[in-house]
Structure formats: structure tokens, C-alpha cells
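Since the structure comes first, as C-alpha cells, the remarks are kept for the end.
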Amino acid sequence: MRLDLKSLLELGRREIVAVAAFFGIALALLGFAEITDEVTEGEGEARWFDEGLLLALRTSDPSDPIGPRWFEETVAEITALGGFGVLALVTLLVIGYLLLQQKWTTAAMVLVATLGGTAISEGLKVGFSRPRPDLVAHVVDVTSMSFPSGHAMLSAVTYLTIGALLARTQDTVRERGYVLGAAILLTLLIGLSRIYLGVHWPTDVLAGWCLGAAWALACWIVATLLMRERAA
């Protein structure tokens with residue numbers, strides 16, 4: 001009887017987590033759709049929000065971000081954590097570790113999540129072809145289109161996926177919360193750094209976060225289902 005009750009509680013917990021994950025995906029996609037609608041209009045609240053926040057992060061000189069020089073350099077270092085090279089290296093190291101543990105399904109899902117997220121991000125950039133901000137000077141060099149933010153989206157995909165995998169190995173709720181919280185914090189800092197450096201409109205970053213979180217959650221659900229089926 002005790003075993004049956006324990007099994008029912010575990011099943012209930014899994015159902016709650018699954019429902020929450022699907023709700024999170026729907027909410028993130030809705031947010032992305034709303035931002036996209038505002039951005040494509042080109043005027044109104046989105047433009048006011050974008051320009052107002054970018055200018056608020058500058059002194060009277062549009063080429064000079066607020067804060068001391070060391071802070072600007074620190075933000076530039078943080079934004080590098082969301083660059084393609086760093087994310088690719090982190091992904092390869094994680095996949096290598098998973099392969100050593102013979103966790104083939106998990107390694108494959110990490111690869112699919114990152115490659116798929118990159119393809120989605122680059123495809124949308126080409127599709128929307130939104131120019132980078134010209135309202136303020138760019139602190140770092142950029143070449144691609146602006147919407148959605150690749151740094152925001154791909155850091156969400158990579159770090160949230162890795163955070164979710166690491167959280168599964170922790171024994172307590174506090175430890176799992178810390179791991180996921182660290183992944184979320186890193187994702188937020190990278191996105192905010194793109195706005196501070198003047199290389200993205202704020203709505204670019206918001207859209208990247210929404211889409212990246214939705215894709216990471218979808219990949220996590222698929223990976224969980226595959227691992228349960230294999231275990232069964």
C-alpha cells in the first residue's frame with residue numbers, strides 16, 4: 001500500500017511538472033508573438049520602449065554608456081559568454097561528458113537543442129531583417145541582423161538545457177533550485193548586456209528569451225519522454 005501511494009505521488013508530481021512545462025511553452029510563444037506583432041508595426045509602444053531604454057543607459061553622449069569604464073569592460077566580458085564560440089565549446093564539453101557516461105539519448109538531445117536553436121535564430125534574423133540599433137553607438141562589433149537576439153536566445157537554449165540536466169542529478173529541492181537559478185541568472189545577464197552595449201533593441205532580447213525558453217522547454221520534455229521510454 002505504501003509503495004502504491006508513493007507511486008501515485010510520483011505520478012502526480014510528474015503530471016504537474018508536465019503541465020507546467022507545456023504552460024510555460026505556450027506562455028513564452030505567446031510573448032514572442034506579441035513582441036513580434038509590435039516590432040513589425042514599427043511604431044507605438046515597442047518603439048517608445050526600445051528607444052527610451054537605450055537612451056536611459058547612455059550619458060548625454062550617445063556613444064558613452066552609463067557607469068565607470070571597468071563596468072563597461074565587465075559587461076563586455078559577460079556578453080562573450082553568449083557568443084557562438086563559447087556556447088559551442090560549452091556544448092561540446094557537456095556532450096563529451098555525457099558520452100563518457102554513456103548517456104546517448106541525453107547527449108543527442110543537447111546537440112539537437114543547440115543546433116536547432118541556432119537554425120531557428122539565424123532563420124528568423126534573415127526573415128525579419130531588422131537593422132541593429134542606430135540610436136546609440138555599439139560598444140562591441142556586430143555584423144548580423146538584430147531580431148531576435150541570438151545571444152539571448154542561444155544562451156537560454158544552452159544554459160537552461162544544461163541547467164535542467166544538472167538539476168536532475170541533485171538530491172534536494174534547494175540544490176536543484178540553485179542550479180536552475182544560476183542558469184536563469186546567466187541567461188538574463190547575457191541578454192541585458194546586449195542592451196547595455198547598444199547592439200540590440202530591448203525587444204530583440206525579450207523575443208530571444210521567449211523563444212529560447214520555449215525551445216529549451218520543448219527539448220527538455222522530449223528528452224524526458226525518451227529517457228522514460230528507454231528506462232521502461
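Every chain in the C-alpha cells has a letter given in the order shown (A, B, ...), and although residue numbers restart at 1 in each chain, ligands are simply numbered from 1 in the order shown.
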>> So that I can check the surroundings of stretch 219-226 of chain A, please list as a VMD selection string every protein, DNA and RNA residue that reaches within 10 Å of it, counting only C-alpha atoms and ignoring chain neighbours fewer than 6 positions away.
In response: chain A and resid 17 to 18 21 to 22 105 to 110 112 to 114 116 157 160 to 162 164 to 165 213 232
> Among chain A, which residues carry a DSSP assignment of alpha helix (DSSP H), reported as a count of residues only?
Replying inline: 179
>> Need the shell around A:Thr143: protein/DNA/RNA residues with any atom at most 12 Å away, counting only C-alpha atoms. Skip same-chain ones fewer than 6 positions apart. Format as a list in words?
In response: Lys125, Ser129, Pro131, Arg132, Pro133, Gly150, Val199 and His200 of chain A
> Could you pull the residues within 7 Å of stretch 41-56 of chain A, counting only C-alpha atoms, minus those fewer than 2 positions along the same chain, as a PyMOL selection string?
Replying inline: chain A and resi 37-39+58+195+198+201-203
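Remark: for A:Thr59, the closest of the candidate residues A:Leu186, A:Tyr196, A:Leu93, A:Gly163 is A:Tyr196 (distances computed over only C-alpha atoms).
If you measure from each of A:Arg174, A:Leu124, A:Glu77, A:Val90 to A:Leu111 using only C-alpha atoms, the closest one turns out to be A:Val90.
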> So which one's closest to A:Thr36, A:Thr158, A:Gly127, A:Trp215, A:Leu189? Using only C-alpha atoms, please.
Replying inline: A:Gly127
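When only C-alpha atoms are used to compute distances to A:Ser121, the closest of the residues A:Val205, A:Ala218, A:Ile95, A:Val140 turns out to be A:Val205.
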